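Below is my_file.txt, which holds compact mmCIF, C-alpha atoms and all ligand atoms.
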```txt
# COMPACT_ATOMS: atom_id res chain seq x y z
CA MET C 63 -12.19 2.33 -27.48
CA THR C 64 -13.37 2.80 -23.90
CA THR C 65 -10.90 4.55 -21.67
CA ILE C 66 -9.88 3.14 -18.28
CA THR C 67 -11.95 5.83 -16.60
CA GLU C 68 -15.09 5.07 -18.62
CA ALA C 69 -14.70 1.37 -17.93
CA SER C 70 -14.15 1.97 -14.23
CA LEU C 71 -17.12 4.34 -13.97
CA ALA C 72 -19.42 2.07 -15.95
CA SER C 73 -18.79 -1.15 -14.10
CA GLN C 74 -18.72 -1.88 -10.40
CA THR C 75 -14.98 -1.48 -10.39
CA THR C 76 -13.31 -2.00 -7.05
CA THR C 77 -10.24 -0.09 -5.96
CA GLU C 78 -8.23 -3.34 -6.26
CA THR C 79 -9.21 -3.89 -9.90
CA LEU C 80 -8.57 -0.27 -10.79
CA VAL C 81 -5.08 -0.39 -9.20
CA ASP C 82 -4.30 -3.58 -11.15
CA GLU C 83 -5.63 -2.16 -14.42
CA LEU C 84 -3.53 0.96 -14.02
CA LEU C 85 -0.41 -1.02 -13.05
CA ASN C 86 -0.81 -3.10 -16.22
CA ARG C 87 -1.50 -0.05 -18.36
CA PHE C 88 1.72 1.68 -17.27
CA ALA C 89 3.82 -1.51 -17.33
CA ARG C 90 2.98 -1.91 -21.03
CA LEU C 91 4.64 1.45 -21.75
CA THR C 92 8.17 0.11 -21.97
CA GLU C 93 10.99 0.27 -24.48
CA THR C 94 11.03 -2.97 -26.44
CA GLY C 95 14.27 -4.86 -26.96
CA HIS C 96 15.85 -3.51 -23.76
CA GLY C 97 15.84 -6.67 -21.67
CA PRO C 98 13.58 -7.51 -18.75
CA GLY C 99 11.44 -5.15 -16.70
CA VAL C 100 10.23 -1.66 -17.52
CA THR C 101 12.39 0.89 -19.32
CA ARG C 102 10.73 4.29 -19.57
CA LEU C 103 13.47 6.88 -19.23
CA ALA C 104 13.17 10.57 -18.42
CA TYR C 105 12.12 12.88 -21.26
CA THR C 106 11.38 10.12 -23.77
CA ARG C 107 8.30 9.50 -25.90
CA LEU C 108 7.25 6.65 -23.59
CA GLU C 109 7.38 8.86 -20.51
CA ARG C 110 5.16 11.37 -22.33
CA GLU C 111 2.73 8.56 -23.27
CA ALA C 112 2.45 7.67 -19.59
CA HIS C 113 1.61 11.31 -18.86
CA GLU C 114 -1.08 11.14 -21.56
CA VAL C 115 -2.67 8.14 -19.79
CA PHE C 116 -2.73 10.21 -16.58
CA THR C 117 -4.15 13.25 -18.40
CA GLU C 118 -6.89 11.26 -20.09
CA PHE C 119 -7.93 9.55 -16.86
CA MET C 120 -8.10 12.80 -14.89
CA THR C 121 -9.86 14.67 -17.71
CA ASP C 122 -12.51 11.94 -17.87
CA LEU C 123 -13.08 12.42 -14.14
CA GLY C 124 -13.82 16.09 -14.86
CA LEU C 125 -10.65 17.54 -13.35
CA THR C 126 -8.78 20.47 -14.85
CA VAL C 127 -5.49 19.12 -16.22
CA TRP C 128 -2.38 20.85 -17.52
CA THR C 129 1.20 19.91 -18.34
CA ASP C 130 3.84 22.47 -17.44
CA GLN C 131 7.05 23.33 -19.26
CA ALA C 132 9.04 20.85 -17.15
CA GLY C 133 6.76 18.04 -18.37
CA ASN C 134 4.98 17.66 -15.01
CA THR C 135 1.25 16.98 -15.33
CA ILE C 136 -1.12 18.41 -12.74
CA ALA C 137 -4.84 17.67 -12.32
CA GLU C 138 -6.89 19.92 -10.08
CA LEU C 139 -10.12 19.17 -8.25
CA ALA C 140 -11.70 22.42 -7.08
CA GLY C 141 -12.14 22.94 -3.35
CA ARG C 142 -14.98 24.58 -1.45
CA ARG C 143 -12.80 27.64 -1.05
CA PRO C 144 -10.22 29.08 -3.37
CA GLY C 145 -6.73 29.22 -1.90
CA PRO C 146 -3.63 27.09 -1.65
CA ALA C 147 -3.87 23.48 -2.79
CA ILE C 148 -3.03 20.21 -1.12
CA GLY C 149 -1.10 17.95 -3.46
CA THR C 150 -0.26 14.31 -3.90
CA GLY C 151 1.56 12.34 -6.58
CA SER C 152 4.85 10.84 -7.73
CA HIS C 153 6.69 10.13 -10.99
CA LEU C 154 6.08 8.15 -14.19
CA ASP C 155 9.61 7.60 -15.50
CA SER C 156 11.81 4.62 -14.63
CA VAL C 157 15.43 3.50 -14.55
CA PRO C 158 16.53 0.98 -17.22
CA ASN C 159 15.14 -2.54 -16.53
CA ALA C 160 13.06 -1.29 -13.63
CA GLY C 161 10.13 -2.78 -11.78
CA ALA C 162 6.55 -1.64 -12.27
CA TYR C 163 5.98 0.15 -8.94
CA ASP C 164 8.67 2.80 -8.26
CA GLY C 165 6.89 6.13 -8.80
CA ILE C 166 3.93 4.43 -10.45
CA ALA C 167 2.42 3.35 -7.10
CA GLY C 168 2.23 7.00 -6.00
CA VAL C 169 0.78 8.21 -9.30
CA ILE C 170 -1.81 5.41 -9.23
CA ALA C 171 -2.59 6.38 -5.62
CA ALA C 172 -3.25 9.93 -6.85
CA MET C 173 -5.44 8.63 -9.69
CA VAL C 174 -7.46 6.35 -7.42
CA ALA C 175 -7.80 9.11 -4.81
CA ALA C 176 -9.13 11.43 -7.53
CA TRP C 177 -11.52 8.67 -8.71
CA GLN C 178 -12.80 8.19 -5.15
CA LEU C 179 -13.01 11.86 -4.24
CA ALA C 180 -14.18 13.49 -7.50
CA GLU C 181 -17.82 12.48 -7.07
CA GLN C 182 -18.10 11.89 -3.36
CA GLU C 183 -16.90 14.81 -1.43
CA THR C 184 -15.42 18.22 -1.56
CA PHE C 185 -12.38 19.35 0.36
CA ASP C 186 -12.00 22.94 1.54
CA HIS C 187 -8.70 23.20 -0.30
CA PRO C 188 -8.32 22.47 -4.00
CA LEU C 189 -6.64 19.07 -4.45
CA ARG C 190 -3.84 18.77 -6.98
CA PHE C 191 -2.77 15.36 -8.29
CA VAL C 192 0.71 15.47 -9.74
CA ALA C 193 2.67 13.23 -12.11
CA PHE C 194 6.24 14.53 -12.02
CA ALA C 195 8.58 14.22 -14.98
CA ALA C 196 12.10 12.82 -14.85
CA GLU C 197 12.47 11.80 -11.22
CA GLU C 198 15.11 9.20 -11.99
CA GLY C 199 18.70 10.33 -12.33
CA ALA C 200 19.52 7.25 -14.40
CA ARG C 201 19.56 9.08 -17.74
CA PHE C 202 21.08 12.47 -16.96
CA GLY C 203 22.73 11.96 -13.53
CA GLN C 204 20.50 14.55 -11.88
CA ALA C 205 17.43 13.13 -10.14
CA CYS C 206 14.05 14.81 -9.73
CA THR C 207 14.36 17.29 -12.60
CA GLY C 208 10.59 17.93 -12.87
CA SER C 209 10.23 18.64 -9.15
CA ARG C 210 13.54 20.55 -9.03
CA LEU C 211 12.23 22.90 -11.74
CA ALA C 212 8.98 23.23 -9.77
CA ALA C 213 10.97 24.11 -6.64
CA GLY C 214 13.36 26.46 -8.47
CA LEU C 215 16.37 24.24 -7.58
CA THR C 216 17.12 23.66 -11.28
CA GLU C 217 16.71 26.42 -13.84
CA SER C 218 16.22 26.51 -17.57
CA ALA C 219 19.87 27.53 -18.10
CA ASP C 220 21.04 24.32 -16.36
CA LEU C 221 19.38 22.09 -18.97
CA ASP C 222 22.17 22.64 -21.50
CA HIS C 223 24.75 21.32 -19.04
CA LEU C 224 23.23 17.94 -18.25
CA HIS C 225 23.91 15.15 -20.75
CA ASP C 226 22.95 11.51 -21.14
CA ALA C 227 25.41 8.75 -22.08
CA ALA C 228 24.75 9.37 -25.79
CA GLY C 229 25.72 13.04 -25.36
CA THR C 230 22.16 14.40 -25.75
CA SER C 231 21.67 17.47 -23.57
CA MET C 232 18.61 17.65 -21.39
CA ALA C 233 17.59 20.76 -23.33
CA ASP C 234 17.60 18.75 -26.58
CA ALA C 235 15.73 15.89 -24.89
CA PHE C 236 13.06 18.47 -23.94
CA ARG C 237 12.78 19.58 -27.57
CA GLU C 238 12.55 15.99 -28.79
CA VAL C 239 9.40 15.44 -26.71
CA GLY C 240 7.85 18.82 -27.57
CA LEU C 241 8.79 20.74 -24.42
CA ASP C 242 10.47 24.15 -24.60
CA PRO C 243 13.60 24.17 -22.41
CA GLU C 244 13.77 27.98 -22.59
CA ALA C 245 10.35 28.12 -20.90
CA ALA C 246 11.12 25.54 -18.20
CA ASP C 247 11.32 28.19 -15.46
CA GLU C 248 7.58 28.77 -15.98
CA ALA C 249 7.04 25.42 -14.21
CA ARG C 250 8.15 27.02 -10.92
CA TRP C 251 5.61 26.63 -8.12
CA SER C 252 4.76 29.55 -5.87
CA ALA C 253 4.64 28.78 -2.14
CA ASP C 254 1.38 30.78 -1.99
CA ASP C 255 -0.36 28.14 -4.13
CA TRP C 256 0.48 25.13 -1.94
CA ALA C 257 -0.71 24.23 1.57
CA GLY C 258 1.01 20.83 1.64
CA PHE C 259 2.10 17.81 -0.37
CA VAL C 260 2.11 14.07 0.43
CA GLU C 261 3.71 11.37 -1.73
CA LEU C 262 2.97 7.66 -1.49
CA HIS C 263 5.87 5.46 -2.63
CA ILE C 264 7.02 1.87 -2.33
CA GLU C 265 9.64 1.47 0.40
CA GLN C 266 12.43 0.10 -1.86
CA GLY C 267 13.85 -1.73 1.16
CA SER C 268 12.75 -4.52 3.49
CA VAL C 269 12.23 -2.76 6.84
CA LEU C 270 8.42 -2.89 6.59
CA THR C 271 8.20 -6.55 5.55
CA ASP C 272 10.95 -7.60 8.00
CA THR C 273 9.02 -6.00 10.86
CA ASN C 274 5.60 -6.98 9.53
CA THR C 275 4.52 -3.32 9.37
CA GLN C 276 1.91 -2.05 6.93
CA ILE C 277 2.84 1.63 6.53
CA GLY C 278 6.00 3.72 6.78
CA VAL C 279 5.79 7.40 7.66
CA VAL C 280 8.98 9.03 6.43
CA ASP C 281 10.89 11.41 8.68
CA THR C 282 14.03 12.02 6.57
CA ILE C 283 14.81 11.61 2.86
CA SER C 284 18.42 10.82 1.98
CA GLY C 285 20.48 13.25 -0.04
CA SER C 286 22.73 12.20 -2.88
CA THR C 287 26.02 13.49 -4.26
CA ARG C 288 26.95 12.09 -7.67
CA LEU C 289 30.42 12.08 -9.17
CA HIS C 290 31.60 11.38 -12.67
CA VAL C 291 35.19 10.15 -12.50
CA GLU C 292 37.59 9.73 -15.37
CA PHE C 293 40.99 8.01 -15.10
CA ARG C 294 43.34 8.45 -18.06
CA GLY C 295 46.26 6.05 -18.16
CA ARG C 296 48.21 4.56 -21.07
CA ALA C 297 46.74 1.94 -23.41
CA SER C 298 49.43 -0.53 -24.32
CA HIS C 299 50.19 -4.18 -25.08
CA THR C 300 49.14 -6.58 -22.27
CA GLY C 301 52.01 -8.93 -23.06
CA GLY C 302 54.74 -6.51 -23.94
CA THR C 303 54.29 -4.08 -21.01
CA PRO C 304 55.83 -5.24 -17.71
CA MET C 305 53.66 -4.70 -14.63
CA HIS C 306 55.82 -1.92 -13.18
CA LEU C 307 55.64 0.16 -16.39
CA ARG C 308 51.85 0.37 -16.65
CA ALA C 309 49.37 3.18 -16.17
CA ASP C 310 46.19 1.09 -15.98
CA ALA C 311 43.07 3.27 -15.80
CA LEU C 312 40.76 0.37 -14.88
CA ALA C 313 43.01 -0.79 -12.03
CA ALA C 314 42.78 2.78 -10.63
CA ALA C 315 38.98 2.62 -10.93
CA ALA C 316 38.92 -0.77 -9.18
CA GLU C 317 40.87 0.72 -6.29
CA LEU C 318 38.44 3.63 -6.06
CA ILE C 319 35.43 1.27 -6.01
CA THR C 320 36.79 -0.69 -3.07
CA ALA C 321 37.91 2.55 -1.36
CA GLY C 322 34.27 3.72 -1.57
CA GLU C 323 33.05 0.48 -0.05
CA THR C 324 35.58 0.72 2.78
CA LEU C 325 34.70 4.36 3.44
CA ALA C 326 30.96 3.68 3.58
CA THR C 327 31.40 0.80 6.03
CA ASP C 328 33.82 2.73 8.28
CA PRO C 329 32.09 3.45 11.63
CA ARG C 330 32.62 7.21 11.09
CA HIS C 331 30.50 7.03 7.95
CA ARG C 332 27.91 4.47 9.14
CA GLY C 333 24.66 5.22 7.33
CA THR C 334 26.43 6.37 4.17
CA ARG C 335 25.90 4.29 1.01
CA ILE C 336 28.40 4.51 -1.85
CA THR C 337 27.82 2.77 -5.18
CA VAL C 338 29.53 2.65 -8.55
CA GLY C 339 26.78 1.62 -10.96
CA THR C 340 28.37 2.35 -14.34
CA ILE C 341 31.82 1.80 -15.73
CA GLU C 342 33.18 2.30 -19.20
CA VAL C 343 36.59 1.10 -20.35
CA GLU C 344 38.56 2.08 -23.44
CA PRO C 345 39.69 0.66 -25.70
CA GLY C 346 37.88 -2.37 -24.25
CA SER C 347 40.14 -5.08 -25.66
CA MET C 348 41.29 -8.19 -23.83
CA THR C 349 44.82 -7.67 -25.05
CA THR C 350 45.18 -3.92 -24.40
CA ILE C 351 45.82 -2.32 -21.00
CA PRO C 352 42.85 -0.02 -20.27
CA GLY C 353 43.87 3.50 -21.23
CA LEU C 354 40.67 5.24 -20.14
CA CYS C 355 38.03 4.48 -17.56
CA ARG C 356 34.89 6.43 -16.70
CA LEU C 357 32.68 5.64 -13.75
CA ASP C 358 29.70 7.15 -11.92
CA VAL C 359 29.66 7.23 -8.13
CA ASP C 360 26.47 7.74 -6.10
CA ILE C 361 26.93 8.81 -2.45
CA ARG C 362 23.74 8.73 -0.35
CA ASP C 363 23.23 9.85 3.22
CA THR C 364 20.55 11.08 5.56
CA ASP C 365 23.15 13.37 7.18
CA ASP C 366 24.02 16.50 5.27
CA ARG C 367 27.53 17.03 6.69
CA ARG C 368 28.54 13.38 6.51
CA GLN C 369 27.36 13.21 2.86
CA ARG C 370 29.66 16.07 1.81
CA GLU C 371 32.59 14.98 4.02
CA THR C 372 32.42 11.49 2.52
CA ALA C 373 32.25 12.91 -1.00
CA LEU C 374 35.30 15.11 -0.38
CA GLU C 375 37.19 12.23 1.16
CA LEU C 376 36.46 10.02 -1.84
CA ILE C 377 37.48 12.75 -4.30
CA GLY C 378 40.77 13.11 -2.39
CA ARG C 379 41.24 9.34 -2.52
CA ALA C 380 40.70 9.32 -6.31
CA GLU C 381 43.33 12.03 -6.79
CA ARG C 382 45.90 10.34 -4.52
CA LEU C 383 45.54 6.87 -5.97
CA ALA C 384 45.74 8.27 -9.49
CA ALA C 385 49.00 10.04 -8.63
CA GLU C 386 50.40 6.86 -7.07
CA ARG C 387 49.55 4.89 -10.20
CA GLY C 388 50.75 7.51 -12.68
CA VAL C 389 47.32 8.07 -14.25
CA ASP C 390 45.48 11.38 -14.62
CA SER C 391 42.17 11.86 -12.87
CA ASP C 392 39.26 14.20 -13.40
CA VAL C 393 36.29 14.28 -10.99
CA GLN C 394 33.09 16.21 -11.79
CA VAL C 395 30.27 16.68 -9.30
CA VAL C 396 27.22 16.06 -11.52
CA ALA C 397 24.54 16.34 -8.83
CA ASP C 398 24.43 17.31 -5.18
CA ALA C 399 21.06 17.18 -3.42
CA SER C 400 20.74 17.60 0.34
CA PRO C 401 18.75 15.27 2.57
CA ALA C 402 15.37 16.63 3.70
CA ILE C 403 13.97 16.47 7.21
CA LEU C 404 10.19 16.33 6.92
CA PRO C 405 8.08 18.48 9.25
CA LEU C 406 6.83 16.81 12.38
CA SER C 407 3.36 18.33 11.91
CA ILE C 408 2.75 16.32 8.73
CA GLN C 409 4.42 13.19 10.14
CA ARG C 410 1.90 13.38 13.00
CA GLN C 411 -1.03 13.81 10.63
CA LEU C 412 0.12 10.76 8.69
CA THR C 413 0.67 8.59 11.77
CA SER C 414 -2.81 9.62 12.97
CA ALA C 415 -4.20 8.75 9.53
CA ALA C 416 -2.56 5.30 9.70
CA HIS C 417 -4.01 4.81 13.17
CA GLU C 418 -7.46 5.91 11.96
CA VAL C 419 -7.36 3.39 9.10
CA GLY C 420 -6.33 0.73 11.61
CA CYS C 421 -2.93 -0.22 10.28
CA SER C 422 0.43 -0.76 11.84
CA TYR C 423 3.02 1.88 11.03
CA ARG C 424 6.53 2.99 11.84
CA VAL C 425 8.37 6.26 11.37
CA MET C 426 11.44 5.67 9.22
CA PRO C 427 13.99 7.32 6.92
CA SER C 428 14.00 6.98 3.14
CA GLY C 429 17.23 5.73 1.61
CA ALA C 430 16.08 6.71 -1.89
CA SER C 431 15.54 10.19 -3.33
CA HIS C 432 12.04 11.45 -4.01
CA ASP C 433 10.28 14.41 -5.62
CA THR C 434 8.93 15.29 -2.18
CA GLN C 435 12.49 16.15 -1.13
CA MET C 436 12.46 18.99 -3.70
CA ILE C 437 8.88 20.03 -2.96
CA SER C 438 9.92 20.45 0.70
CA HIS C 439 11.47 23.71 -0.52
CA VAL C 440 7.98 24.94 -1.51
CA CYS C 441 5.57 23.79 1.22
CA PRO C 442 5.24 21.36 4.15
CA VAL C 443 5.52 17.79 2.89
CA GLY C 444 5.12 14.21 4.02
CA MET C 445 5.66 10.72 2.63
CA LEU C 446 4.02 7.34 3.08
CA PHE C 447 5.77 4.05 2.30
CA VAL C 448 4.00 0.83 1.41
CA PRO C 449 5.87 -2.51 1.74
CA SER C 450 8.20 -3.81 -0.96
CA GLN C 451 8.31 -7.62 -1.32
CA ASN C 452 11.24 -9.76 -2.52
CA HIS C 453 13.63 -8.47 0.15
CA GLY C 454 12.87 -4.89 -0.87
CA ILE C 455 14.48 -5.22 -4.30
CA SER C 456 13.87 -2.10 -6.39
CA HIS C 457 15.31 -0.53 -9.55
CA ALA C 458 15.14 -4.11 -10.86
CA PRO C 459 12.43 -6.24 -12.52
CA GLU C 460 11.89 -8.27 -9.30
CA GLU C 461 10.42 -5.18 -7.61
CA LEU C 462 7.01 -6.15 -6.20
CA THR C 463 4.36 -4.55 -4.02
CA HIS C 464 1.05 -6.30 -3.35
CA THR C 465 -2.10 -4.59 -4.60
CA THR C 466 -3.66 -4.94 -1.13
CA ASP C 467 -0.75 -2.95 0.31
CA ILE C 468 -1.19 -0.20 -2.29
CA VAL C 469 -4.93 -0.07 -1.55
CA ARG C 470 -4.24 0.22 2.19
CA GLY C 471 -1.72 2.96 1.45
CA ILE C 472 -4.34 4.83 -0.58
CA ASP C 473 -6.76 4.66 2.36
CA VAL C 474 -4.10 6.16 4.64
CA LEU C 475 -3.21 8.75 2.00
CA ILE C 476 -6.81 9.92 1.67
CA ALA C 477 -7.22 10.02 5.48
CA GLY C 478 -3.99 12.04 5.63
CA LEU C 479 -5.13 14.47 2.92
CA ARG C 480 -8.37 14.98 4.84
CA ARG C 481 -6.40 15.78 7.99
CA LEU C 482 -4.27 18.30 6.10
CA ASP C 483 -7.46 19.83 4.69
CA SER C 484 -8.91 20.46 8.10
CA ALA C 485 -5.65 21.45 9.82
C1 LIG E 501 15.62 7.63 -7.62
O1 LIG E 501 14.70 6.83 -7.69
C2 LIG E 501 16.67 7.34 -6.73
O2 LIG E 501 16.46 7.44 -5.52
O3 LIG E 501 17.69 6.91 -7.25
MN MN E 502 10.71 6.69 -7.17
MN MN E 503 13.63 5.16 -8.59
MN MN E 504 13.76 7.86 -6.14
```
Structure translated into structure tokens:
Amino acid sequence: MTTITEASLASQTTTETLVDELLNRFARLTETGHGPGVTRLAYTRLEREAHEVFTEFMTDLGLTVWTDQAGNTIAELAGRRPGPAIGTGSHLDSVPNAGAYDGIAGVIAAMVAAWQLAEQETFDHPLRFVAFAAEEGARFGQACTGSRLAAGLTESADLDHLHDAAGTSMADAFREVGLDPEAADEARWSADDWAGFVELHIEQGSVLTDTNTQIGVVDTISGSTRLHVEFRGRASHTGGTPMHLRADALAAAAELITAGETLATDPRHRGTRITVGTIEVEPGSMTTIPGLCRLDVDIRDTDDRRQRETALELIGRAERLAAERGVDSDVQVVADASPAILPLSIQRQLTSAAHEVGCSYRVMPSGASHDTQMISHVCPVGMLFVPSQNHGISHAPEELTHTTDIVRGIDVLIAGLRRLDSA
């Protein structure tokens, strides 16, 4: 069978066709029987298959490719001089029932950039094209595990303490896909090896389309604090138990959900986003008062202090309302990543690159988390957004970015990488 690279080298493939071919190739790697959209969770066989597609493509282009012990795959194109590399890339995993662009757009941008640059031109710096593993926190609560291991923010010993909903530890998930969790610290990047890193990503919001802007240059990436909350009340008969004698765990959870919404819309917390995206009720019977309720809370903010203050306020609220309702509460902080302010020097190179390519741009914050946030602990970083259609819907099958917008983003990315190379 011809590989995508062979086909694209043999024919007069345009960037547009290559982007579409790659989008289709990755979109086919999805769990079957899991409803609409793409489901390719962190540290699963399907995520590894996506990394194999990336490896094969880059190997065919003649790049040196390796996968580290965090599951990140890196392809290197030698530079004119040895020395620190300039990197670009994103992630290949998805949330359940995702769209086909989150993460993928940035990996495809890296693949197309490698395809355009491998033959044509040499940079002074080596170029490294990166497909990160496990960016999504959907499976284990913690986001950006591949890039966190690269940045030394997560260590091998932590992998035993993160679990998915089925109780599988991240360490066991590593073993199931042939990675050695004990060796995960070997994935750590040294600051000496990296001159800079730029990620292209879909916006996952509607600012660019609402303002008819072609490119976003990110100045701040939101942080995220994630809580796992458990309310333990008393399961009992829904008919036999009078209202004043209940300890309803789900009613406590309902109060916490609306308290989060109120807190996030309070003017003191403006800019904070609080979401409860999962809830589990036991015993889960129409005729039994809920005795146990578990929920996950995601608190996002571009302001470090406000993020933690809001989290503490919500934890306090959970404890108080539990006491008032006579239920027990237990709150665990499962993840706590700070926002990142991206260096002005790279923002300027990216705005200049957008100007050079002739597109409209705006400097804007990212509401979502990204691998670049973690890599900011290793070297200077920047991010480019391309427009999301359908009102910016993301983490859902309706996610859509036009191929022409990805292609324009790739042009800006390459211009930006060139500017970093000569800086
Ligand atoms: C990851 O994509 C996140 O921002 O939730
Ligand atoms: Mn993403
Ligand atoms: Mn995502
Ligand atoms: Mn993200």
Report task. Would you mind listing what lies within 6 Å of C:Pro188 as a PyMOL selection string, with all atoms listed in the file counted and same-chain residues fewer than 4 positions away left out? Result -> chain C and resi 139-141+147
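For ligand MN 503 (chain E), the protein and nucleic acid residues at most 7 Å away, judged by all atoms listed in the file, amount to Ser156, Val157, Asp164, Gly165, Glu198 and His457 of chain C.
Taking atom CA of C:Ala246 and atom CA of C:Asp234 as the two end points, the separation is 12.6 Å.
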Query raised in the report: Hey, can you pull every residue with an atom no more than 7 Å from (-5.4, 8.3, -13.9), using all atoms listed in the file, and send it as a PyMOL selection string?
Result: chain C and resi 115-117+119-120+170+173
Query raised in the report: Given a cut-off of 10 Å, what residues near ligand LIG 501 (chain E) show up using only C-alpha atoms and all ligand atoms, put as number ranges by chain?
Result: C: 153, 155-157, 164-165, 196-200, 203-206, 266, 283-286, 360, 362, 428-433, 456-457
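In this comparison, which uses all atoms listed in the file, the residue of C:Ile377, C:Ala485, C:Ala172, C:Val389 approaching C:Arg410 most closely is C:Ala485.
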Report summary line: Separating atom CA of C:Ala458 from atom CA of C:Ile136, to the nearest tenth of an Å, is a gap of 27.8 Å
Query raised in the report: Near stretch 391-407 of chain C, counting only C-alpha atoms, which residues have an atom at most 8 Å away, once you skip same-chain residues fewer than 6 positions from it, shown as number ranges by chain?
Result: C: 203-205, 280-294, 363-366, 377, 380-381, 384, 435, 438, 442-444
Keeping only C-alpha atoms, write the selected residues as a compact mmCIF listing (two decimals), in the coordinates of the input.
```txt
# COMPACT_ATOMS: atom_id res chain seq x y z
CA GLY C 203 22.73 11.96 -13.53
CA GLN C 204 20.50 14.55 -11.88
CA ALA C 205 17.43 13.13 -10.14
CA VAL C 280 8.98 9.03 6.43
CA ASP C 281 10.89 11.41 8.68
CA THR C 282 14.03 12.02 6.57
CA ILE C 283 14.81 11.61 2.86
CA SER C 284 18.42 10.82 1.98
CA GLY C 285 20.48 13.25 -0.04
CA SER C 286 22.73 12.20 -2.88
CA THR C 287 26.02 13.49 -4.26
CA ARG C 288 26.95 12.09 -7.67
CA LEU C 289 30.42 12.08 -9.17
CA HIS C 290 31.60 11.38 -12.67
CA VAL C 291 35.19 10.15 -12.50
CA GLU C 292 37.59 9.73 -15.37
CA PHE C 293 40.99 8.01 -15.10
CA ARG C 294 43.34 8.45 -18.06
CA ASP C 363 23.23 9.85 3.22
CA THR C 364 20.55 11.08 5.56
CA ASP C 365 23.15 13.37 7.18
CA ASP C 366 24.02 16.50 5.27
CA ILE C 377 37.48 12.75 -4.30
CA ALA C 380 40.70 9.32 -6.31
CA GLU C 381 43.33 12.03 -6.79
CA ALA C 384 45.74 8.27 -9.49
CA GLN C 435 12.49 16.15 -1.13
CA SER C 438 9.92 20.45 0.70
CA PRO C 442 5.24 21.36 4.15
CA VAL C 443 5.52 17.79 2.89
CA GLY C 444 5.12 14.21 4.02
```
